[in-house]
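See below for protein12.txt, which holds compact mmCIF, C-alpha atoms.
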# COMPACT_ATOMS: atom_id res chain seq x y z
CA MET A 815 0.00 0.00 0.00
CA PRO A 816 1.47 3.35 -1.00
CA ASP A 817 2.11 5.71 1.89
CA PHE A 818 1.13 8.83 -0.09
CA SER A 819 4.34 10.64 0.84
CA ALA A 820 5.09 11.05 -2.87
CA ILE A 821 2.12 13.40 -3.07
CA ASP A 822 3.78 15.62 -0.47
CA ILE A 823 6.74 16.04 -2.80
CA SER A 824 4.52 17.22 -5.64
CA ALA A 825 2.39 19.29 -3.27
CA SER A 826 5.46 21.20 -2.10
CA ALA A 827 6.06 22.15 -5.73
CA LEU A 828 2.44 23.23 -6.19
CA ARG A 829 2.77 25.52 -3.18
CA ALA A 830 6.06 26.92 -4.43
CA GLU A 831 4.78 27.56 -7.96
CA ARG A 832 1.61 29.16 -6.64
CA PHE A 833 3.66 31.50 -4.47
CA ARG A 834 5.82 32.38 -7.46
CA MET A 835 2.66 33.07 -9.46
CA GLU A 836 1.43 35.40 -6.70
CA LEU A 837 4.66 37.37 -6.86
CA ILE A 838 4.38 37.65 -10.63
CA ALA A 839 0.81 38.91 -10.26
CA GLN A 840 2.03 41.44 -7.70
CA ASN A 841 4.78 42.60 -10.05
CA ILE A 842 2.35 43.07 -12.93
CA ALA A 843 -0.20 44.78 -10.67
CA ASN A 844 2.47 47.28 -9.60
CA VAL A 845 3.88 48.01 -13.02
CA ASN A 846 2.97 51.70 -12.62
CA THR A 847 3.37 52.12 -8.85
CA THR A 848 5.61 55.06 -8.04
CA ARG A 849 5.04 55.21 -4.29
CA THR A 850 5.75 52.41 -1.80
CA ALA A 851 6.07 52.08 1.97
CA GLU A 852 9.85 51.71 1.55
CA GLY A 853 9.91 54.88 -0.51
CA GLY A 854 10.55 55.23 -4.22
CA PRO A 855 8.97 53.21 -7.00
CA TYR A 856 7.92 49.57 -6.65
CA ARG A 857 10.74 47.07 -7.16
CA ARG A 858 10.30 43.73 -8.85
CA LYS A 859 10.21 40.73 -6.49
CA GLU A 860 11.23 37.18 -7.22
CA ALA A 861 10.87 33.93 -5.27
CA VAL A 862 13.98 31.92 -4.38
CA PHE A 863 13.47 28.17 -4.69
CA SER A 864 15.67 25.62 -3.00
CA SER A 865 15.42 21.86 -2.98
CA MET A 866 14.73 20.40 0.43
CA TYR A 867 17.67 18.04 0.73
CA SER A 868 20.36 19.03 3.15
CA ASP A 869 23.09 17.17 1.28
CA GLN A 870 23.24 16.00 -2.29
CA MET A 871 23.67 12.24 -2.02
CA GLY A 872 22.11 12.04 1.41
CA PHE A 873 19.02 11.89 -0.73
CA ALA A 874 19.80 8.16 -0.91
CA ASN A 875 17.97 7.58 2.37
CA HIS A 876 14.98 9.63 1.35
CA TYR A 877 12.70 6.63 1.91
CA ASP A 878 12.53 7.78 5.47
CA SER A 879 9.13 9.39 5.12
CA THR A 880 9.67 11.70 8.08
CA ARG A 881 12.13 13.76 6.08
CA LYS A 882 10.79 16.75 4.25
CA GLN A 883 11.17 16.43 0.53
CA GLY A 884 10.58 18.42 -2.59
CA VAL A 885 11.03 22.13 -3.04
CA GLY A 886 10.51 25.15 -0.84
CA VAL A 887 10.50 28.92 -1.17
CA THR A 888 13.35 30.13 1.01
CA GLY A 889 13.11 33.81 0.34
CA VAL A 890 11.95 36.69 -1.77
CA LEU A 891 14.58 38.68 -3.62
CA VAL A 892 14.00 42.32 -4.44
CA ASP A 893 15.35 43.26 -7.84
CA GLN A 894 17.97 45.95 -7.20
CA SER A 895 18.30 47.05 -10.81
CA PRO A 896 17.76 50.81 -11.25
CA PRO A 897 14.23 52.11 -11.81
CA LYS A 898 13.18 52.95 -15.34
CA LEU A 899 13.13 56.68 -16.06
CA LEU A 900 10.15 58.05 -17.89
CA TYR A 901 9.96 61.69 -19.00
CA ASN A 902 6.67 63.04 -17.73
CA PRO A 903 6.98 66.48 -16.04
CA ASP A 904 3.25 66.57 -15.21
CA HIS A 905 3.44 63.46 -13.05
CA PRO A 906 3.07 64.23 -9.32
CA ASP A 907 6.21 62.16 -8.58
CA ALA A 908 8.34 63.72 -11.31
CA GLN A 909 11.87 64.75 -10.33
CA ALA A 910 13.14 68.29 -10.88
CA ASP A 911 14.44 67.29 -14.33
CA GLY A 912 11.00 66.04 -15.38
CA PHE A 913 11.80 62.32 -15.22
CA VAL A 914 9.61 59.93 -13.20
CA ARG A 915 11.24 56.90 -11.57
CA MET A 916 9.08 53.96 -12.63
CA PRO A 917 9.16 50.37 -11.32
CA ASN A 918 11.84 48.06 -12.79
CA VAL A 919 9.13 45.61 -13.84
CA ASN A 920 9.27 44.28 -17.38
CA PRO A 921 5.79 42.98 -18.28
CA VAL A 922 7.19 40.75 -21.03
CA SER A 923 9.53 38.84 -18.74
CA GLU A 924 6.78 38.60 -16.13
CA MET A 925 4.54 36.98 -18.74
CA VAL A 926 7.27 34.51 -19.66
CA ASN A 927 7.79 33.63 -15.99
CA MET A 928 4.05 33.23 -15.61
CA ILE A 929 3.91 30.67 -18.41
CA ALA A 930 6.87 28.81 -16.91
CA ALA A 931 5.25 28.74 -13.46
CA SER A 932 1.96 27.60 -14.91
CA ARG A 933 3.57 24.76 -16.86
CA ALA A 934 5.60 23.64 -13.86
CA TYR A 935 2.38 23.59 -11.84
CA GLU A 936 0.71 21.40 -14.46
CA ALA A 937 3.68 19.02 -14.58
CA ASN A 938 3.39 18.44 -10.86
CA ILE A 939 -0.35 17.91 -11.13
CA ALA A 940 0.47 15.21 -13.68
CA ALA A 941 2.82 13.60 -11.18
CA ILE A 942 0.02 13.53 -8.59
CA GLN A 943 -2.40 12.04 -11.11
CA ASN A 944 0.10 9.32 -11.95
CA TYR A 945 0.49 8.58 -8.28
CA ARG A 946 -3.26 8.30 -7.87
CA LYS A 947 -3.38 5.87 -10.77
CA MET A 948 -0.79 3.74 -9.01
CA ALA A 949 -2.63 3.89 -5.69
CA ASP A 950 -5.96 2.97 -7.35
CA LYS A 951 -4.25 0.12 -9.08
CA ALA A 952 -2.75 -1.11 -5.83
CA MET A 953 -6.22 -1.15 -4.27
CA SER A 954 -7.42 -3.38 -7.10
CA ILE A 955 -5.07 -6.21 -6.07
CA GLY A 956 -7.73 -7.23 -3.58
CA HIS A 957 -10.37 -7.72 -6.31
CA VAL A 958 -9.17 -10.96 -7.81
CA MET B 1410 8.90 -29.95 -9.39
CA GLN B 1411 8.41 -26.35 -8.57
CA ASN B 1412 5.78 -25.37 -6.11
CA ALA B 1413 3.30 -23.24 -8.04
CA MET B 1414 1.79 -21.73 -4.95
CA PHE B 1415 4.97 -20.59 -3.25
CA ASP B 1416 7.32 -19.76 -6.08
CA ASN B 1417 9.07 -16.45 -6.60
CA THR B 1418 6.39 -14.72 -8.69
CA VAL B 1419 4.65 -12.83 -5.93
CA GLY B 1420 7.94 -11.82 -4.33
CA LEU B 1421 9.39 -10.58 -7.62
CA LEU B 1422 6.28 -8.66 -8.56
CA SER B 1423 5.96 -6.99 -5.20
CA THR B 1424 9.60 -5.96 -5.46
CA THR B 1425 8.74 -4.35 -8.80
CA LEU B 1426 5.84 -2.54 -7.15
CA ASP B 1427 8.13 -1.35 -4.38
CA TYR B 1428 10.72 -0.21 -6.87
CA SER B 1429 8.17 1.72 -8.95
CA LEU B 1430 6.86 3.54 -5.90
CA ARG B 1431 10.35 4.54 -4.85
CA ARG B 1432 11.23 5.67 -8.34
CA HIS B 1433 8.04 7.69 -8.52
CA LYS B 1434 9.24 9.66 -5.52
CA VAL B 1435 12.58 10.35 -7.19
CA ILE B 1436 10.88 11.52 -10.39
CA ALA B 1437 8.35 13.61 -8.45
CA ALA B 1438 11.23 15.26 -6.59
CA ASN B 1439 12.92 16.05 -9.92
CA MET B 1440 9.74 17.61 -11.26
CA ALA B 1441 9.22 19.55 -8.03
CA ASN B 1442 12.68 21.03 -8.52
CA VAL B 1443 12.37 21.84 -12.22
CA GLU B 1444 12.93 25.54 -11.42
CA THR B 1445 15.38 25.21 -8.52
CA PRO B 1446 18.80 26.69 -9.30
CA ASN B 1447 21.72 24.22 -9.20
CA PHE B 1448 19.45 21.24 -8.69
CA LYS B 1449 20.73 18.06 -10.36
CA ALA B 1450 18.26 15.45 -11.56
CA ARG B 1451 18.41 12.04 -9.92
CA ASP B 1452 17.23 8.63 -10.91
CA LEU B 1453 16.82 5.17 -9.47
CA PRO B 1454 17.96 2.78 -12.22
CA PHE B 1455 16.00 -0.43 -12.53
CA ASN B 1456 19.08 -2.45 -13.45
CA ALA B 1457 21.08 -1.61 -10.38
CA TYR B 1458 18.10 -2.40 -8.21
CA MET B 1459 16.98 -5.68 -9.70
CA GLN B 1460 19.93 -7.27 -11.46
CA ALA B 1461 21.79 -8.84 -8.58
CA GLY B 1462 18.60 -10.32 -7.17
CA LEU B 1463 17.38 -11.58 -10.53
CA ARG B 1464 20.67 -13.28 -11.31
CA ARG B 1465 20.37 -15.33 -8.16
CA VAL B 1466 16.87 -16.42 -9.11
CA GLU B 1467 18.00 -17.42 -12.60
CA ASN B 1468 20.70 -19.68 -11.20
CA ASN B 1469 18.45 -21.20 -8.60
CA PRO B 1470 14.69 -20.69 -9.06
CA ALA B 1471 14.00 -21.83 -5.54
CA ALA B 1472 16.32 -19.25 -4.01
CA ARG B 1473 14.87 -16.61 -1.78
CA ILE B 1474 15.12 -13.31 -3.59
CA THR B 1475 16.96 -10.58 -1.81
CA PHE B 1476 17.51 -7.20 -3.36
CA GLN B 1477 20.14 -4.76 -2.42
CA GLN B 1478 19.11 -1.33 -1.25
CA PRO B 1479 18.55 0.74 -4.40
CA ARG B 1480 21.18 3.32 -5.16
CA MET B 1481 20.35 6.77 -6.30
CA VAL B 1482 22.38 8.14 -9.18
CA TYR B 1483 22.54 11.50 -10.86
CA ASP B 1484 20.73 11.60 -14.17
CA THR B 1485 23.06 13.43 -16.54
CA THR B 1486 21.02 12.97 -19.75
CA GLY B 1487 19.56 16.47 -19.55
CA GLU B 1488 21.55 19.51 -20.57
CA THR B 1489 22.57 21.79 -17.71
CA ARG B 1490 20.87 25.17 -18.04
CA LEU B 1491 22.35 28.54 -17.15
CA ASP B 1492 20.96 28.30 -13.61
CA GLY B 1493 22.86 25.04 -13.04
CA ASN B 1494 19.69 22.93 -13.19
CA ASN B 1495 19.61 19.92 -15.52
CA VAL B 1496 16.02 18.70 -15.02
CA ASN B 1497 14.34 18.09 -18.36
CA ALA B 1498 10.57 18.27 -17.89
CA GLU B 1499 9.79 16.15 -20.96
CA ASN B 1500 12.21 13.43 -19.87
CA GLU B 1501 10.70 13.36 -16.42
CA MET B 1502 7.17 13.16 -17.83
CA ILE B 1503 8.11 10.18 -19.98
CA LYS B 1504 9.87 8.48 -17.08
CA LEU B 1505 6.78 9.08 -14.97
CA MET B 1506 4.47 7.50 -17.57
CA LYS B 1507 6.70 4.49 -18.09
CA ASN B 1508 7.02 4.03 -14.36
CA THR B 1509 3.27 4.15 -13.80
CA GLY B 1510 2.83 1.72 -16.69
CA ARG B 1511 5.30 -0.66 -15.13
CA TYR B 1512 3.42 -0.47 -11.84
CA SER B 1513 0.09 -1.24 -13.55
CA LEU B 1514 1.62 -4.14 -15.41
CA ALA B 1515 3.05 -5.64 -12.21
CA VAL B 1516 -0.33 -5.29 -10.48
CA ASP B 1517 -2.09 -6.99 -13.40
CA LEU B 1518 0.41 -9.85 -13.38
CA LEU B 1519 0.00 -10.20 -9.64
CA LYS B 1520 -3.77 -10.38 -10.01
CA TYR B 1521 -3.36 -12.91 -12.78
CA LYS B 1522 -1.18 -15.02 -10.51
CA PHE B 1523 -3.83 -14.97 -7.79
CA THR B 1524 -6.57 -15.77 -10.29
CA THR B 1525 -4.60 -18.76 -11.49
CA LEU B 1526 -4.12 -19.97 -7.95
CA ARG B 1527 -7.81 -19.59 -7.22
CA GLU B 1528 -8.70 -21.59 -10.32
CA ALA B 1529 -6.34 -24.34 -9.17
CA ILE B 1530 -7.93 -24.40 -5.74
CA ARG B 1531 -11.41 -24.53 -7.27
CA LEU B 1532 -10.48 -27.64 -9.26
CA GLY B 1533 -10.11 -29.58 -6.06
CA LYS B 1534 -13.59 -28.76 -4.86
So that I can check it, write out the structure of this file as structure tokens.
Amino acid sequence: MPDFSAIDISASALRAERFRMELIAQNIANVNTTRTAEGGPYRRKEAVFSSMYSDQMGFANHYDSTRKQGVGVTGVLVDQSPPKLLYNPDHPDAQADGFVRMPNVNPVSEMVNMIAASRAYEANIAAIQNYRKMADKAMSIGHV
Amino acid sequence: MQNAMFDNTVGLLSTTLDYSLRRHKVIAANMANVETPNFKARDLPFNAYMQAGLRRVENNPAARITFQQPRMVYDTTGETRLDGNNVNAENEMIKLMKNTGRYSLAVDLLKYKFTTLREAIRLGK
């Protein structure tokens, strides 16, 4: 009988990809935000993924189901690249020279990341579905 | 003559089931880390797991099958990307499908074995 711990591996990835998707949505939502609590324009944020294995080959004893497995979000990086400058003297946040400091969000790359996150999410759903198939099949051994 | 009821079939097939479940975890972990920087894909090769045990059975069908603990290896078939990750999503998908297929096949064979046994028992009634 499967112990269902394989689903936890895929579930960790679903959580991670969903979080990444939320950050992408936040980036796109703030593409024109010039004021933030930290001051200055909004800065692009990105999730940092790390695999949940303390050592590389220590993975060999991963059958121990008490160990956490899969992937986790270990932090959120703030993109430190300089803000985009847009000439718009009428803007309330325009500098003395007429330029407005706009967020360093590039909608195109956010879209690309969104597709990647969405596909990765689907791939892990497929892994869960395969696992369910195996578990269903295992149940059927009893029906001889 | 070999004992049809207590031969190696059930043991071998359940080892295959066990192997497939373990490999599923390895593949699921690869897919979970498809976007993790510097993650290296791993695999649990069937050969390394089964061969030694199978060879013993071939030489002596009555032998008790013992399998060594499976060894994880790095799967280097995928190209390493700029972020140091070499997980290939398509590869993993195909491995996943084959693995699930193998599991289903082993379950079907196991059921067939039990059906055969039941038929044999019924003959005596």
Counting all atoms listed in the file, chain B residues within 10 Å of chain A, as a PyMOL selection string: chain B and resi 1426-1427+1429-1449+1451+1453+1478-1483+1498-1499+1501-1502+1505-1506+1508-1525+1527
Min atom-atom distance to Asn1494 in chain B from the set B:Ser1423, B:Thr1418, B:Lys1507, B:Ala1450, counting all atoms listed in the file, belongs to B:Ala1450
Can you work out the spacing between CA of Asp904 in chain A and CA of Thr848 in chain A in Å, to one decimal? 13.8 Å
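From CA of Val922 in chain A back to CA of Gly854 in chain A, the distance works out to 22.4 Å.
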Straight-line distance linking CA of Asn1468 in chain B with CA of Thr1425 in chain B, stated in Å to one decimal: 19.6 Å
